[in-house]
Each structure stands twice: as C-alpha cells, then as structure tokens.
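**Student:** Can you read through this structure? Questions will come right after.
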Amino acid sequence: MTTMQAIQIAHFGGPEVLQPVERAMPRPGAGEVLIKVAASGVNRPDVFQRQGHYAPPPGASDLPGLEVAGEVVEGDFSGSNPLGLKRGDSVCALLAGGGYAQYAVAPLGQCLPVPSGISVLEAASLPENYFTVWSNVFDRGRLGLREGGSKESLLVQGGSSGIGVTAIQLAHALGHPVFATAGSDEKCRACESLGARAINYRSENFVERVKRETDGRGVDVVLDMVAGDYVSRELDTLADDGRLVIIATLGGMKATIDVGILMRRRLHVTGSTLRARSVAFKSAIAKALHEQVWPLFAEKRLRPVIHEVFPAHEAARAHALMESSTHIGKILLRW
C-alpha cells in the first residue's frame, strides 16, 4: 500500500475548501513512527490554517491536523524511547501537521500510550489540549502552591472549549480552585460539572465575580485565549505576583495596559505557541504528562469530553461546527 485517503485544503477559504484526496503515504524518518490513524482531533489552529492565517512550520505536512490516535505500524525505535513504545501499540500523538489522513508520521517522543480506560478514538482528543495546558498553565504559568501551602487558583477564559475543559479538569484534579468563563448557561453548567465555578461572560462581569469569591484577592493564574481588550481586565483579576498566560488572540492582537500595575503588583504577562517548538521540547512535555497526568485517567479523575465525531470525509461539517462555537469539548474525525 503506497497511497492513503486524506483531507487537504484545496485553497484558503471557508469549510468547503476541505476536500478528500488520495495522497502518497508518508514514510517515517529517524526517530519517527508511522501511525495508522483511527481518529484525528479538530482544533482551532486547523481553522486558522484553512483560512490562510497559520502556516505549517518548515518541513511539516501541508495537511491540517495536530493530533491523532491509532496503531503504530512501523518506525525507528533505535534512539531514545523512554516509554518503551513498539510496533502494534495503541498511541495518541502530537503532530506539527498531517493529522487529517489515514496514516500520519510523528516523532516517537511526541507519542503517548492510550491511557488506561480510554478508547483509541477518545484518545485522539487528548494530545493538543493536554500538551498545551501542561506547558502553559503548569510550566509557564507555574500554577502550584502559595506561601503557607494552599493551592493556587486558576481562571480559564473559554471554559467550554477543548483547551478549557482540559484546563478545568486537570487543575481541579490536582486540587486547585478553578474559575471559568463561558458564553451561555448551558456551557456554564458543563464547566461546573467538571469542577469550575462558572461565569457567563455575557451577563456577568468576570472581574467582579472573581474578586468577590476570592475576598478581593484575585486568582494566581489566568489562561487566556481571547487577548485584545480582555488583557487589561485580566490584570485586574490577578492576585499580587499573578501570571497571565496568553495562548490565542480570538479577541484581537493588540491590548492597552497600565504598566504601573505590572510593577506595583509584580504581575507577569507571558504567552506561547506550541506548533513550531522543537521535538525535544514537546518530548519533555510528553514525559511529564505520562508521569503526572496519565495516571489520573486510570483513577477516573480525568475524562475525555467529546462533543461530536464526524466521518473524516465530513471534515467541512466539523469545521463549520468549530467556527459556530456552539460545541462543548472536542470535535473528532473518524477514519
């Protein structure tokens, strides 16, 4: 077998430009494995790539898709393989591109075994969100302990998104108080079911609510996918020495802030994107997830939150749903 079915971006535009196509099957190189894909995750960066706003990094596939789950069918296992993965294993993997296909190549270090108690299809919903949340909330945002030993608190903007439901669950499972914003009462109820105190941003001021429920202190970390005019309000929401971590700019690329607040209250503003980071960087995240997060699935303290699964050839419908922002949790493509 030398060819496979895939979904390509015929040209930049709306969901309809996603078209089934026959492509040559990719071949794994040094330190890489070939995965027979059972399911692919659909993520907001896929939409941006389809629109022409998020080009793949050099050397990555032009096909969209940043995460898959399936079976390892071949590869190079001669180098570093800390998880002991082998041919025939069921894995989920973080990719730089190429996930919308029957077969995908991934660096071995960016593959994780399917967690205990989770199906292969469900596992396709994990890599992009868990790598992103761990890297930004716990590494960059340093969500941990306050002086005196109490757990720090987190505010998640967009709590019903794939990133949002992951951040809520993971912080809650590790004992941190969590607030989350969402745009409807239904979405707020979903966030609450995962362990957050939810705030409907259409009817309530999230700054006032957080301050009221923290006795005026604020939260220690904010995970922001909005940016724009949210940034100045988020700084008001932070406790002294708090950290604002920006990972998307759905509300705009520019913000106006009072720098004096940063200095007086010792606040930190940071941000990151994951796709172009090195294999070594992502492999280190995979190792941390395997050690500290994957056991929480076996303990039933974490669970995939999947809104809908589409046949792969209906990728355009999946993107239309993503853009509608009516979903709660993840959208998947089944192969």
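Residues are referred to by chain and number: the chain letter is A, B, ... according to the order shown in the structure tokens, the number counts from 1 in that chain, and ligands are numbered separately from 1 in the order shown.
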Within 8 Å of Ser232 of chain A, counting only C-alpha atoms, which residues qualify if same-chain residues fewer than 3 places away don't, as a list in words?

**Tutor:** Asp229, Leu235, Asp236, Ala255, Thr256, Ile257 and Asp258 of chain A

**Student:** Go ahead and save the residues from that selection, with all heavy atoms, as a short mmCIF file (atom, residue, chain, number, x, y, z; two decimals), in the first residue's frame.

**Tutor:**
data_model
loop_
_atom_site.label_atom_id
_atom_site.label_comp_id
_atom_site.auth_asym_id
_atom_site.auth_seq_id
_atom_site.Cartn_x
_atom_site.Cartn_y
_atom_site.Cartn_z
N ASP A 229 -9.04 43.37 24.25
CA ASP A 229 -9.40 44.20 25.40
C ASP A 229 -9.63 43.41 26.68
O ASP A 229 -9.89 43.99 27.73
CB ASP A 229 -10.63 45.06 25.07
CG ASP A 229 -11.88 44.26 24.78
OD1 ASP A 229 -11.86 43.01 24.95
OD2 ASP A 229 -12.89 44.87 24.38
N LEU A 235 -5.63 41.56 34.08
CA LEU A 235 -4.64 42.04 35.04
C LEU A 235 -5.32 42.47 36.33
O LEU A 235 -4.79 42.25 37.43
CB LEU A 235 -3.83 43.19 34.44
CG LEU A 235 -2.96 42.85 33.22
CD1 LEU A 235 -2.22 44.09 32.74
CD2 LEU A 235 -1.98 41.73 33.53
N ASP A 236 -6.50 43.08 36.22
CA ASP A 236 -7.26 43.45 37.42
C ASP A 236 -7.74 42.22 38.19
O ASP A 236 -7.98 42.29 39.39
CB ASP A 236 -8.48 44.30 37.04
CG ASP A 236 -8.10 45.69 36.57
OD1 ASP A 236 -7.00 46.15 36.89
OD2 ASP A 236 -8.92 46.32 35.87
N ALA A 255 -3.44 45.08 22.75
CA ALA A 255 -4.07 45.41 24.03
C ALA A 255 -3.38 46.62 24.61
O ALA A 255 -2.19 46.85 24.38
CB ALA A 255 -3.98 44.23 24.99
N THR A 256 -4.13 47.40 25.39
CA THR A 256 -3.57 48.54 26.11
C THR A 256 -3.59 48.23 27.60
O THR A 256 -4.64 47.84 28.14
CB THR A 256 -4.39 49.81 25.85
OG1 THR A 256 -4.37 50.10 24.44
CG2 THR A 256 -3.82 51.00 26.61
N ILE A 257 -2.45 48.35 28.24
CA ILE A 257 -2.37 48.02 29.67
C ILE A 257 -1.69 49.16 30.43
O ILE A 257 -0.95 49.96 29.85
CB ILE A 257 -1.62 46.70 29.91
CG1 ILE A 257 -0.17 46.81 29.45
CG2 ILE A 257 -2.31 45.55 29.23
CD1 ILE A 257 0.68 45.62 29.80
N ASP A 258 -1.95 49.21 31.71
CA ASP A 258 -1.28 50.13 32.63
C ASP A 258 -0.04 49.44 33.16
O ASP A 258 -0.13 48.54 34.00
CB ASP A 258 -2.24 50.49 33.76
CG ASP A 258 -1.64 51.47 34.76
OD1 ASP A 258 -0.42 51.71 34.71
OD2 ASP A 258 -2.40 51.96 35.62
#

**Student:** Which residues are close to segment 43-60 of chain A, i.e. within 7 Å by only C-alpha atoms, leaving aside same-chain residues fewer than 6 positions away? Reply as a PDB file with N, CA and C atoms, in the first residue's frame.

**Tutor:**
ATOM      1  N   ILE A   9      -6.474  21.045   2.142  1.00  0.00           N
ATOM      2  CA  ILE A   9      -7.004  22.387   1.972  1.00  0.00           C
ATOM      3  C   ILE A   9      -6.785  22.752   0.509  1.00  0.00           C
ATOM      4  N   PHE A  12      -7.277  28.513   0.336  1.00  0.00           N
ATOM      5  CA  PHE A  12      -7.713  29.165   1.561  1.00  0.00           C
ATOM      6  C   PHE A  12      -9.154  29.634   1.427  1.00  0.00           C
ATOM      7  N   GLY A  13      -9.923  29.431   2.494  1.00  0.00           N
ATOM      8  CA  GLY A  13     -11.325  29.848   2.449  1.00  0.00           C
ATOM      9  C   GLY A  13     -12.134  29.222   3.555  1.00  0.00           C
ATOM     10  N   GLY A  14     -13.448  29.059   3.293  1.00  0.00           N
ATOM     11  CA  GLY A  14     -14.377  28.515   4.263  1.00  0.00           C
ATOM     12  C   GLY A  14     -14.265  27.010   4.395  1.00  0.00           C
ATOM     13  N   ALA A  96       2.989  18.240  14.074  1.00  0.00           N
ATOM     14  CA  ALA A  96       3.106  19.609  13.555  1.00  0.00           C
ATOM     15  C   ALA A  96       2.202  19.814  12.347  1.00  0.00           C
ATOM     16  N   GLY A  97       1.546  18.744  11.892  1.00  0.00           N
ATOM     17  CA  GLY A  97       0.648  18.768  10.741  1.00  0.00           C
ATOM     18  C   GLY A  97       0.487  17.362  10.203  1.00  0.00           C
ATOM     19  N   ALA A 276       5.496  25.169  16.541  1.00  0.00           N
ATOM     20  CA  ALA A 276       6.837  25.285  15.981  1.00  0.00           C
ATOM     21  C   ALA A 276       7.953  24.946  16.960  1.00  0.00           C
ATOM     22  N   HIS A 319     -15.533  21.534  10.721  1.00  0.00           N
ATOM     23  CA  HIS A 319     -15.005  22.896  10.807  1.00  0.00           C
ATOM     24  C   HIS A 319     -16.115  23.924  10.965  1.00  0.00           C
TER      25      HIS A 319
END

**Student:** Which polymer residues have any atom within 6 Å of an atom of segment 189-204 of chain A, counting only C-alpha atoms, with same-chain residues fewer than 2 positions away left out, as a list of chain:residue names?

**Tutor:**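 The residues satisfying every condition are A:Gln169, A:His172, A:Val178, A:Phe179, A:Ala180, A:Thr181, A:Ala182, A:Gly183, A:Ser184, A:Glu186, A:Lys187.
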
**Student:** Just write the chosen residues, all heavy atoms, as an mmCIF file, in the first residue's frame.

**Tutor:**
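So result.cif came out as:
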data_model
loop_
_atom_site.group_PDB
_atom_site.id
_atom_site.type_symbol
_atom_site.label_atom_id
_atom_site.label_comp_id
_atom_site.auth_asym_id
_atom_site.auth_seq_id
_atom_site.Cartn_x
_atom_site.Cartn_y
_atom_site.Cartn_z
ATOM 1 N N GLN A 169 -10.444 20.465 34.163
ATOM 2 C CA GLN A 169 -10.328 19.128 34.756
ATOM 3 C C GLN A 169 -8.977 18.904 35.416
ATOM 4 O O GLN A 169 -8.892 18.356 36.522
ATOM 5 C CB GLN A 169 -10.528 18.062 33.678
ATOM 6 C CG GLN A 169 -11.946 17.842 33.238
ATOM 7 C CD GLN A 169 -12.058 16.539 32.469
ATOM 8 O OE1 GLN A 169 -12.177 15.461 33.030
ATOM 9 N NE2 GLN A 169 -12.010 16.649 31.154
ATOM 10 N N HIS A 172 -8.475 21.097 38.555
ATOM 11 C CA HIS A 172 -9.369 20.612 39.611
ATOM 12 C C HIS A 172 -8.879 19.284 40.174
ATOM 13 O O HIS A 172 -8.885 19.072 41.397
ATOM 14 C CB HIS A 172 -10.781 20.470 39.049
ATOM 15 C CG HIS A 172 -11.769 19.910 40.029
ATOM 16 N ND1 HIS A 172 -12.199 20.610 41.130
ATOM 17 C CD2 HIS A 172 -12.411 18.703 40.067
ATOM 18 C CE1 HIS A 172 -13.073 19.875 41.803
ATOM 19 N NE2 HIS A 172 -13.209 18.714 41.186
ATOM 20 N N VAL A 178 -10.809 26.557 40.616
ATOM 21 C CA VAL A 178 -10.868 26.952 39.208
ATOM 22 C C VAL A 178 -12.112 27.791 38.952
ATOM 23 O O VAL A 178 -13.220 27.406 39.346
ATOM 24 C CB VAL A 178 -10.886 25.718 38.272
ATOM 25 C CG1 VAL A 178 -10.814 26.166 36.810
ATOM 26 C CG2 VAL A 178 -9.746 24.767 38.587
ATOM 27 N N PHE A 179 -11.915 28.915 38.260
ATOM 28 C CA PHE A 179 -13.000 29.698 37.686
ATOM 29 C C PHE A 179 -12.933 29.533 36.169
ATOM 30 O O PHE A 179 -11.857 29.342 35.605
ATOM 31 C CB PHE A 179 -12.862 31.184 38.021
ATOM 32 C CG PHE A 179 -12.982 31.507 39.483
ATOM 33 C CD1 PHE A 179 -11.867 31.464 40.312
ATOM 34 C CD2 PHE A 179 -14.202 31.868 40.026
ATOM 35 C CE1 PHE A 179 -11.968 31.769 41.659
ATOM 36 C CE2 PHE A 179 -14.319 32.172 41.381
ATOM 37 C CZ PHE A 179 -13.197 32.121 42.185
ATOM 38 N N ALA A 180 -14.087 29.626 35.505
ATOM 39 C CA ALA A 180 -14.101 29.537 34.050
ATOM 40 C C ALA A 180 -15.207 30.416 33.493
ATOM 41 O O ALA A 180 -16.298 30.487 34.055
ATOM 42 C CB ALA A 180 -14.320 28.092 33.594
ATOM 43 N N THR A 181 -14.906 31.087 32.383
ATOM 44 C CA THR A 181 -15.926 31.861 31.692
ATOM 45 C C THR A 181 -16.476 31.059 30.520
ATOM 46 O O THR A 181 -15.783 30.238 29.919
ATOM 47 C CB THR A 181 -15.364 33.187 31.157
ATOM 48 O OG1 THR A 181 -14.322 32.913 30.209
ATOM 49 C CG2 THR A 181 -14.818 34.039 32.280
ATOM 50 N N ALA A 182 -17.744 31.299 30.199
ATOM 51 C CA ALA A 182 -18.388 30.671 29.053
ATOM 52 C C ALA A 182 -19.532 31.573 28.609
ATOM 53 O O ALA A 182 -19.972 32.460 29.340
ATOM 54 C CB ALA A 182 -18.905 29.273 29.403
ATOM 55 N N GLY A 183 -20.026 31.339 27.376
ATOM 56 C CA GLY A 183 -20.960 32.267 26.775
ATOM 57 C C GLY A 183 -22.426 31.902 26.851
ATOM 58 O O GLY A 183 -23.254 32.554 26.208
ATOM 59 N N SER A 184 -22.777 30.870 27.602
ATOM 60 C CA SER A 184 -24.182 30.504 27.755
ATOM 61 C C SER A 184 -24.359 29.768 29.070
ATOM 62 O O SER A 184 -23.392 29.235 29.637
ATOM 63 C CB SER A 184 -24.661 29.616 26.599
ATOM 64 O OG SER A 184 -24.103 28.315 26.691
ATOM 65 N N GLU A 186 -25.869 26.950 29.414
ATOM 66 C CA GLU A 186 -25.582 25.536 29.164
ATOM 67 C C GLU A 186 -24.085 25.264 29.268
ATOM 68 O O GLU A 186 -23.659 24.285 29.901
ATOM 69 C CB GLU A 186 -26.083 25.129 27.776
ATOM 70 C CG GLU A 186 -25.778 23.679 27.421
ATOM 71 C CD GLU A 186 -26.061 23.337 25.972
ATOM 72 O OE1 GLU A 186 -26.341 24.257 25.182
ATOM 73 O OE2 GLU A 186 -25.990 22.143 25.627
ATOM 74 N N LYS A 187 -23.283 26.131 28.670
ATOM 75 C CA LYS A 187 -21.840 25.944 28.737
ATOM 76 C C LYS A 187 -21.331 26.119 30.167
ATOM 77 O O LYS A 187 -20.412 25.422 30.599
ATOM 78 C CB LYS A 187 -21.143 26.910 27.788
ATOM 79 C CG LYS A 187 -21.338 26.567 26.318
ATOM 80 C CD LYS A 187 -20.571 27.534 25.418
ATOM 81 C CE LYS A 187 -20.680 27.135 23.955
ATOM 82 N NZ LYS A 187 -19.913 28.054 23.082
#

**Student:** When DSSP is applied to the backbone of this structure, which of segment 111-189 of chain A are assigned strand (DSSP E or B)? Write them out as a ChimeraX atom specification.

**Tutor:** /A:111-113,145,151,154-156,178-182

**Student:** Using only N, CA, C and O atoms, please write the residues we just selected to a file, as an mmCIF file, in the first residue's frame.

**Tutor:**
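This went into result11.cif:
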data_model
loop_
_atom_site.group_PDB
_atom_site.id
_atom_site.type_symbol
_atom_site.label_atom_id
_atom_site.label_comp_id
_atom_site.auth_asym_id
_atom_site.auth_seq_id
_atom_site.Cartn_x
_atom_site.Cartn_y
_atom_site.Cartn_z
ATOM 1 N N CYS A 111 4.728 10.756 21.101
ATOM 2 C CA CYS A 111 3.686 9.736 21.195
ATOM 3 C C CYS A 111 3.523 9.301 22.650
ATOM 4 O O CYS A 111 4.500 9.189 23.394
ATOM 5 N N LEU A 112 2.285 9.049 23.022
ATOM 6 C CA LEU A 112 1.960 8.546 24.356
ATOM 7 C C LEU A 112 1.050 7.340 24.225
ATOM 8 O O LEU A 112 0.199 7.289 23.309
ATOM 9 N N PRO A 113 1.176 6.353 25.098
ATOM 10 C CA PRO A 113 0.232 5.235 25.053
ATOM 11 C C PRO A 113 -1.170 5.730 25.357
ATOM 12 O O PRO A 113 -1.362 6.704 26.100
ATOM 13 N N LEU A 145 1.714 26.057 44.569
ATOM 14 C CA LEU A 145 1.350 26.329 45.959
ATOM 15 C C LEU A 145 1.676 27.771 46.317
ATOM 16 O O LEU A 145 2.680 28.326 45.876
ATOM 17 N N LYS A 151 -3.309 25.720 47.786
ATOM 18 C CA LYS A 151 -3.227 25.596 46.331
ATOM 19 C C LYS A 151 -3.584 26.928 45.659
ATOM 20 O O LYS A 151 -4.526 27.613 46.056
ATOM 21 N N LEU A 154 -6.952 29.322 39.508
ATOM 22 C CA LEU A 154 -6.846 29.497 38.061
ATOM 23 C C LEU A 154 -8.152 30.040 37.509
ATOM 24 O O LEU A 154 -9.237 29.611 37.921
ATOM 25 N N LEU A 155 -8.054 30.981 36.552
ATOM 26 C CA LEU A 155 -9.196 31.415 35.752
ATOM 27 C C LEU A 155 -8.958 30.983 34.316
ATOM 28 O O LEU A 155 -7.908 31.309 33.735
ATOM 29 N N VAL A 156 -9.913 30.255 33.738
ATOM 30 C CA VAL A 156 -9.831 29.792 32.360
ATOM 31 C C VAL A 156 -10.835 30.584 31.522
ATOM 32 O O VAL A 156 -12.042 30.522 31.779
ATOM 33 N N VAL A 178 -10.809 26.557 40.616
ATOM 34 C CA VAL A 178 -10.868 26.952 39.208
ATOM 35 C C VAL A 178 -12.112 27.791 38.952
ATOM 36 O O VAL A 178 -13.220 27.406 39.346
ATOM 37 N N PHE A 179 -11.915 28.915 38.260
ATOM 38 C CA PHE A 179 -13.000 29.698 37.686
ATOM 39 C C PHE A 179 -12.933 29.533 36.169
ATOM 40 O O PHE A 179 -11.857 29.342 35.605
ATOM 41 N N ALA A 180 -14.087 29.626 35.505
ATOM 42 C CA ALA A 180 -14.101 29.537 34.050
ATOM 43 C C ALA A 180 -15.207 30.416 33.493
ATOM 44 O O ALA A 180 -16.298 30.487 34.055
ATOM 45 N N THR A 181 -14.906 31.087 32.383
ATOM 46 C CA THR A 181 -15.926 31.861 31.692
ATOM 47 C C THR A 181 -16.476 31.059 30.520
ATOM 48 O O THR A 181 -15.783 30.238 29.919
ATOM 49 N N ALA A 182 -17.744 31.299 30.199
ATOM 50 C CA ALA A 182 -18.388 30.671 29.053
ATOM 51 C C ALA A 182 -19.532 31.573 28.609
ATOM 52 O O ALA A 182 -19.972 32.460 29.340
#

**Student:** Nearest to Val133 of chain A among A:Leu66, A:Leu262, A:Ile35, A:Ile285, with distances taken over only C-alpha atoms: which residue is it?

**Tutor:** A:Ile285

**Student:** Using only C-alpha atoms, what does the table of segment 231-292 of chain A residues within 12 Å of segment 26-34 of chain A look like, with each row giving the shortest atom pair and its distance in Å to one decimal, sorted by chain and ascending number, as CSV?

**Tutor:**
residue,atom,partner,partner_atom,distance
A:Val279,CA,A:Gly31,CA,10.0
A:Ala280,CA,A:Gly31,CA,11.3
A:Ser283,CA,A:Gly31,CA,11.6
